Amino acid sequence: MANPIEPTTFPDSGDLTRRRFLKTTSGIATASALSPFLAETAAAGEIIRKPASETLVTQFYKTLTEPQKKLMAFPFNAPLRQAVNNNWHITKATVGKTFSRDQQAMIRGIFDGLHSEEYAKKVVAQVEHDNQQANRKGGFDGCSVAVFGQPGSGPFEFVFAGRHVTRRCDGNSVKGAAFGGPIFYGHAAAGFNEKPDHPGNIYWYQAKRANELFRALDGKQQALALRSDARPEQRKKTVTLRGRDAALHGVPVAEFSSDQKTLARRVMADVLAPFRKVDVDECMKLIEAQFDTLHFAYYKNLDIGNDRVWDVWQIEGPSMVWYFRGSPHVHTWVNIRKPA
């Protein structure tokens, strides 16, 4: 097991990178060219428009040299595209070593654009922290990228991967798949083995919301929801979808009261809060299509501190896995597809 990680203050990373990003990308697209992936933020009646991640992926791809493409560009249907892990490099092309300063700025812009305004800086700080702790020198720049297909002229997908991070940008090239395929997010905020209240963990709020739902269940429902057989973490196998004929873990949403269903939807809205609206909307559409077939499970044998605040929980449906493993720190595996 890895040694405990000392608490680290999050840096306000990327000020210089953001300035380079704005200089690099200013004027590259109009509102009509960006639709429907135009990021918009209303403030005091003003609409602030900035390039969407899909637009930046196309711009980024156009700048790649042949040596860079050999490291990280693949056909769209390459099996590697759907890989996912909790701590990995999808290619040997790392942000800081493989790409120019302008390309680095575009990668940062792509990543920022995949997240909500509220969470973008928090998520970048988490990536900086966890990847710095992983190899003592990586941070955001130590993460890796890959591009599948040819952005701007056909289906494509951009993948960003490192410790506690796998993100995708596909411009809806992958039909019926939220985020373009499985993603991963996590955080080890104050050590490998976190305390029961997970101090500083930017994702712990999600478990608190899920535990609110558990407390709203009646005794019979809670007994059905509690398990001791959480799925093992096995790279892509972790997010294998089990289909309609499987006996899914936990209590079925179909047996919830109206108030419990409302709270379940709020849990989903909260766990989606870090992500951009276009992905949230797609996720909720796919979730609603299978809502009454979902099951909520909580794993009593992985309770840090034995405080009955369940650190490990899962939402699973025939075509969905949202697996939050908060022991010894937060790992979250996500795979949402259109119901078969």
# chains A, B, ... in the order shown; residues from 1 in each chain; ligands from 1
>>> residues_around(residues="Ser100 in chain A", least_positions_apart="2", cutoff="12 Å", atoms="only C-alpha atoms", output="short mmCIF file (atom, residue, chain, number, x, y, z; two decimals) with C-alpha atoms, in the first residue's frame")
data_model
loop_
_atom_site.label_atom_id
_atom_site.label_comp_id
_atom_site.auth_asym_id
_atom_site.auth_seq_id
_atom_site.Cartn_x
_atom_site.Cartn_y
_atom_site.Cartn_z
CA THR A 17 -1.71 28.95 -18.96
CA ARG A 20 -1.88 31.78 -23.20
CA PHE A 21 -5.19 29.96 -23.79
CA THR A 24 -4.36 31.31 -28.61
CA PHE A 60 -5.66 21.31 -31.22
CA THR A 63 -1.59 21.84 -34.70
CA LEU A 64 -0.27 18.31 -34.16
CA THR A 65 3.00 17.34 -35.79
CA GLN A 68 3.04 13.87 -31.95
CA ALA A 93 2.09 11.82 -24.75
CA THR A 94 2.04 13.91 -21.57
CA VAL A 95 0.88 17.50 -21.48
CA GLY A 96 4.11 19.07 -20.25
CA LYS A 97 6.64 17.05 -22.23
CA THR A 98 5.00 16.36 -25.58
CA ASP A 102 0.11 26.91 -27.03
CA GLN A 103 -0.96 23.28 -27.33
CA GLN A 104 -0.80 22.94 -23.55
CA ALA A 105 -3.07 25.96 -23.26
CA MET A 106 -5.59 24.36 -25.64
CA ILE A 107 -5.55 21.11 -23.66
CA ASP A 141 1.21 18.60 -16.98
#
>>> residues_around(residues="Ser319 in chain A", least_positions_apart="2", cutoff="8 Å", atoms="only C-alpha atoms", output="PyMOL selection string")
chain A and resi 241-243+290+316-317+321+335-340
>>> write_last_selection(atoms="C-alpha atoms", output="compact mmCIF listing (two decimals), in the first residue's frame")
# COMPACT_ATOMS: atom_id res chain seq x y z
CA LEU A 241 -23.02 -3.14 -17.65
CA ARG A 242 -24.97 -6.17 -16.51
CA GLY A 243 -28.16 -5.76 -18.54
CA GLN A 290 -34.17 3.69 -17.10
CA GLU A 316 -26.79 0.70 -10.97
CA GLY A 317 -29.23 0.00 -13.75
CA VAL A 321 -23.06 2.16 -13.30
CA ASN A 335 -20.68 4.37 -17.34
CA ILE A 336 -24.10 5.43 -18.65
CA ARG A 337 -25.57 4.13 -21.89
CA LYS A 338 -28.89 4.24 -23.67
CA PRO A 339 -31.07 1.36 -22.46
CA ALA A 340 -31.06 -1.58 -24.84
>>> closest_residue(among="A:Lys92, A:Arg209, A:Arg101, A:Lys285", to="Ser144 in chain A", atoms="only C-alpha atoms")
A:Lys92
>>> residues_around(residues="Arg325 in chain A", least_positions_apart="5", cutoff="9 Å", atoms="only C-alpha atoms", output="list in words")
Gly186, Ala230, Leu302, Asp311, Val312, Trp313, Gln314, Val330, His331, Thr332 and Trp333 of chain A
>>> atom_distance(atom1="CA of Asn211 in chain A", atom2="CA of Trp310 in chain A")
6.6 Å
>>> closest_residue(among="A:Phe296, A:Phe158, A:Tyr323, A:Phe99", to="Pro232 in chain A", atoms="only C-alpha atoms")
A:Tyr323
>>> closest_residue(among="A:Arg163, A:Arg244, A:Lys300, A:Arg108", to="Leu224 in chain A", atoms="only C-alpha atoms")
A:Lys300
>>> atom_distance(atom1="CA of Thr238 in chain A", atom2="CA of Gln82 in chain A")
12.5 Å
>>> residues_around(residues="Glu54 in chain A", least_positions_apart="3", cutoff="7 Å", atoms="only C-alpha atoms", output="ChimeraX atom specification")
/A:57-58,169,171
>>> write_last_selection(atoms="N, CA and C atoms", output="PDB file, in the first residue's frame")
ATOM      1  N   VAL A  57     -10.789  20.984 -29.475  1.00  0.00           N
ATOM      2  CA  VAL A  57     -10.186  19.718 -29.909  1.00  0.00           C
ATOM      3  C   VAL A  57      -9.835  19.782 -31.390  1.00  0.00           C
ATOM      4  N   THR A  58     -10.730  20.331 -32.200  1.00  0.00           N
ATOM      5  CA  THR A  58     -10.453  20.468 -33.629  1.00  0.00           C
ATOM      6  C   THR A  58      -9.249  21.363 -33.866  1.00  0.00           C
ATOM      7  N   CYS A 169     -14.121  13.928 -24.576  1.00  0.00           N
ATOM      8  CA  CYS A 169     -14.814  14.951 -25.351  1.00  0.00           C
ATOM      9  C   CYS A 169     -15.013  14.368 -26.747  1.00  0.00           C
ATOM     10  N   GLY A 171     -18.092  15.260 -28.912  1.00  0.00           N
ATOM     11  CA  GLY A 171     -19.035  15.931 -29.796  1.00  0.00           C
ATOM     12  C   GLY A 171     -20.184  15.057 -30.240  1.00  0.00           C
TER      13      GLY A 171
END
>>> decode(residues="range 90-242 of chain A", atoms="C-alpha atoms", output="compact mmCIF listing (two decimals), in the first residue's frame")
# COMPACT_ATOMS: atom_id res chain seq x y z
CA ILE A 90 -3.61 6.42 -22.02
CA THR A 91 -0.50 7.20 -24.12
CA LYS A 92 3.06 8.34 -23.55
CA ALA A 93 2.09 11.82 -24.75
CA THR A 94 2.04 13.91 -21.57
CA VAL A 95 0.88 17.50 -21.48
CA GLY A 96 4.11 19.07 -20.25
CA LYS A 97 6.64 17.05 -22.23
CA THR A 98 5.00 16.36 -25.58
CA PHE A 99 3.24 19.59 -26.48
CA SER A 100 4.12 23.22 -27.10
CA ARG A 101 2.99 25.96 -24.73
CA ASP A 102 0.11 26.91 -27.03
CA GLN A 103 -0.96 23.28 -27.33
CA GLN A 104 -0.80 22.94 -23.55
CA ALA A 105 -3.07 25.96 -23.26
CA MET A 106 -5.59 24.36 -25.64
CA ILE A 107 -5.55 21.11 -23.66
CA ARG A 108 -6.25 23.07 -20.49
CA GLY A 109 -9.08 24.89 -22.28
CA ILE A 110 -10.58 21.59 -23.44
CA PHE A 111 -10.43 20.19 -19.91
CA ASP A 112 -11.86 23.31 -18.29
CA GLY A 113 -14.70 23.37 -20.78
CA LEU A 114 -15.82 19.86 -19.80
CA HIS A 115 -16.68 21.10 -16.32
CA SER A 116 -19.19 23.51 -14.83
CA GLU A 117 -18.16 27.05 -13.95
CA GLU A 118 -18.62 26.19 -10.27
CA TYR A 119 -16.28 23.21 -10.31
CA ALA A 120 -13.70 23.78 -13.07
CA LYS A 121 -11.04 25.33 -10.82
CA LYS A 122 -11.69 22.80 -8.05
CA VAL A 123 -11.29 19.88 -10.45
CA VAL A 124 -8.06 21.26 -11.95
CA ALA A 125 -6.72 21.76 -8.42
CA GLN A 126 -7.60 18.13 -7.61
CA VAL A 127 -5.83 16.90 -10.74
CA GLU A 128 -2.78 19.05 -9.94
CA HIS A 129 -2.66 17.76 -6.37
CA ASP A 130 -3.21 14.07 -6.98
CA ASN A 131 -0.89 13.81 -9.97
CA GLN A 132 1.80 15.78 -8.18
CA GLN A 133 1.58 13.36 -5.26
CA ALA A 134 1.60 10.37 -7.61
CA ASN A 135 5.01 11.06 -9.16
CA ARG A 136 6.26 14.13 -7.27
CA LYS A 137 6.56 16.20 -10.43
CA GLY A 138 3.57 15.65 -12.65
CA GLY A 139 0.54 17.71 -11.75
CA PHE A 140 -1.77 18.55 -14.62
CA ASP A 141 1.21 18.60 -16.98
CA GLY A 142 2.02 15.00 -16.07
CA CYS A 143 -1.30 13.72 -17.41
CA SER A 144 -1.68 12.16 -20.85
CA VAL A 145 -3.90 12.69 -23.87
CA ALA A 146 -5.08 10.82 -26.94
CA VAL A 147 -7.20 11.67 -29.97
CA PHE A 148 -9.26 9.10 -31.85
CA GLY A 149 -10.57 9.83 -35.33
CA GLN A 150 -10.16 13.16 -37.13
CA PRO A 151 -11.81 16.11 -35.39
CA GLY A 152 -13.48 18.42 -37.87
CA SER A 153 -13.98 15.82 -40.57
CA GLY A 154 -15.70 12.87 -38.91
CA PRO A 155 -16.34 11.14 -35.59
CA PHE A 156 -13.68 11.82 -32.96
CA GLU A 157 -12.90 11.56 -29.29
CA PHE A 158 -10.34 13.35 -27.14
CA VAL A 159 -9.29 11.53 -23.93
CA PHE A 160 -7.43 13.04 -20.98
CA ALA A 161 -6.07 10.59 -18.39
CA GLY A 162 -3.95 10.51 -15.26
CA ARG A 163 -4.23 9.64 -11.59
CA HIS A 164 -7.85 10.02 -10.50
CA VAL A 165 -8.95 11.43 -13.83
CA THR A 166 -10.34 10.14 -17.12
CA ARG A 167 -12.32 12.63 -19.20
CA ARG A 168 -13.71 12.47 -22.72
CA CYS A 169 -14.81 14.95 -25.35
CA ASP A 170 -16.53 13.43 -28.39
CA GLY A 171 -19.04 15.93 -29.80
CA ASN A 172 -21.73 13.23 -29.64
CA SER A 173 -19.70 10.98 -31.93
CA VAL A 174 -20.53 8.03 -29.67
CA LYS A 175 -24.30 7.69 -29.89
CA GLY A 176 -26.17 6.63 -26.78
CA ALA A 177 -23.19 7.00 -24.43
CA ALA A 178 -22.96 9.71 -21.80
CA PHE A 179 -19.59 11.50 -21.85
CA GLY A 180 -18.64 9.45 -24.93
CA GLY A 181 -17.84 6.42 -22.78
CA PRO A 182 -16.77 5.49 -19.24
CA ILE A 183 -15.11 8.16 -17.14
CA PHE A 184 -13.34 8.18 -13.79
CA TYR A 185 -12.91 10.82 -11.11
CA GLY A 186 -11.44 10.65 -7.63
CA HIS A 187 -9.50 12.48 -4.96
CA ALA A 188 -7.03 11.70 -2.18
CA ALA A 189 -7.20 15.06 -0.46
CA ALA A 190 -5.35 14.53 2.81
CA GLY A 191 -3.68 11.15 2.53
CA PHE A 192 -4.09 7.73 0.97
CA ASN A 193 -6.24 6.64 3.92
CA GLU A 194 -8.78 9.39 4.49
CA LYS A 195 -10.59 10.05 7.77
CA PRO A 196 -14.32 9.35 8.11
CA ASP A 197 -15.30 12.91 7.19
CA HIS A 198 -12.87 13.03 4.23
CA PRO A 199 -11.54 16.55 4.97
CA GLY A 200 -10.82 18.60 1.86
CA ASN A 201 -12.18 16.01 -0.56
CA ILE A 202 -14.03 17.89 -3.30
CA TYR A 203 -16.26 14.90 -4.08
CA TRP A 204 -17.26 13.82 -0.56
CA TYR A 205 -20.37 15.99 -0.76
CA GLN A 206 -21.75 13.41 -3.20
CA ALA A 207 -21.61 10.65 -0.58
CA LYS A 208 -23.29 12.94 1.94
CA ARG A 209 -26.17 13.46 -0.47
CA ALA A 210 -26.41 9.71 -1.17
CA ASN A 211 -26.50 9.08 2.58
CA GLU A 212 -29.41 11.52 2.91
CA LEU A 213 -31.33 9.26 0.56
CA PHE A 214 -30.39 6.20 2.63
CA ARG A 215 -31.74 7.86 5.79
CA ALA A 216 -34.99 8.58 3.96
CA LEU A 217 -35.54 4.86 3.32
CA ASP A 218 -37.71 2.79 5.64
CA GLY A 219 -36.29 -0.15 7.60
CA LYS A 220 -37.12 -2.76 4.98
CA GLN A 221 -35.62 -0.65 2.19
CA GLN A 222 -32.45 0.02 4.19
CA ALA A 223 -31.99 -3.68 4.85
CA LEU A 224 -32.28 -4.36 1.13
CA ALA A 225 -29.92 -1.50 0.26
CA LEU A 226 -27.10 -2.61 2.59
CA ARG A 227 -24.60 -5.03 1.06
CA SER A 228 -21.11 -6.33 1.77
CA ASP A 229 -20.08 -7.37 -1.74
CA ALA A 230 -18.96 -4.24 -3.59
CA ARG A 231 -17.61 -4.76 -7.07
CA PRO A 232 -13.82 -5.03 -7.36
CA GLU A 233 -11.89 -2.33 -9.20
CA GLN A 234 -10.66 -3.98 -12.40
CA ARG A 235 -9.99 -1.26 -14.95
CA LYS A 236 -12.68 -1.28 -17.65
CA LYS A 237 -14.34 -4.35 -16.11
CA THR A 238 -15.32 -2.17 -13.16
CA VAL A 239 -17.95 -0.43 -15.29
CA THR A 240 -19.28 -3.49 -17.09
CA LEU A 241 -23.02 -3.14 -17.65
CA ARG A 242 -24.97 -6.17 -16.51
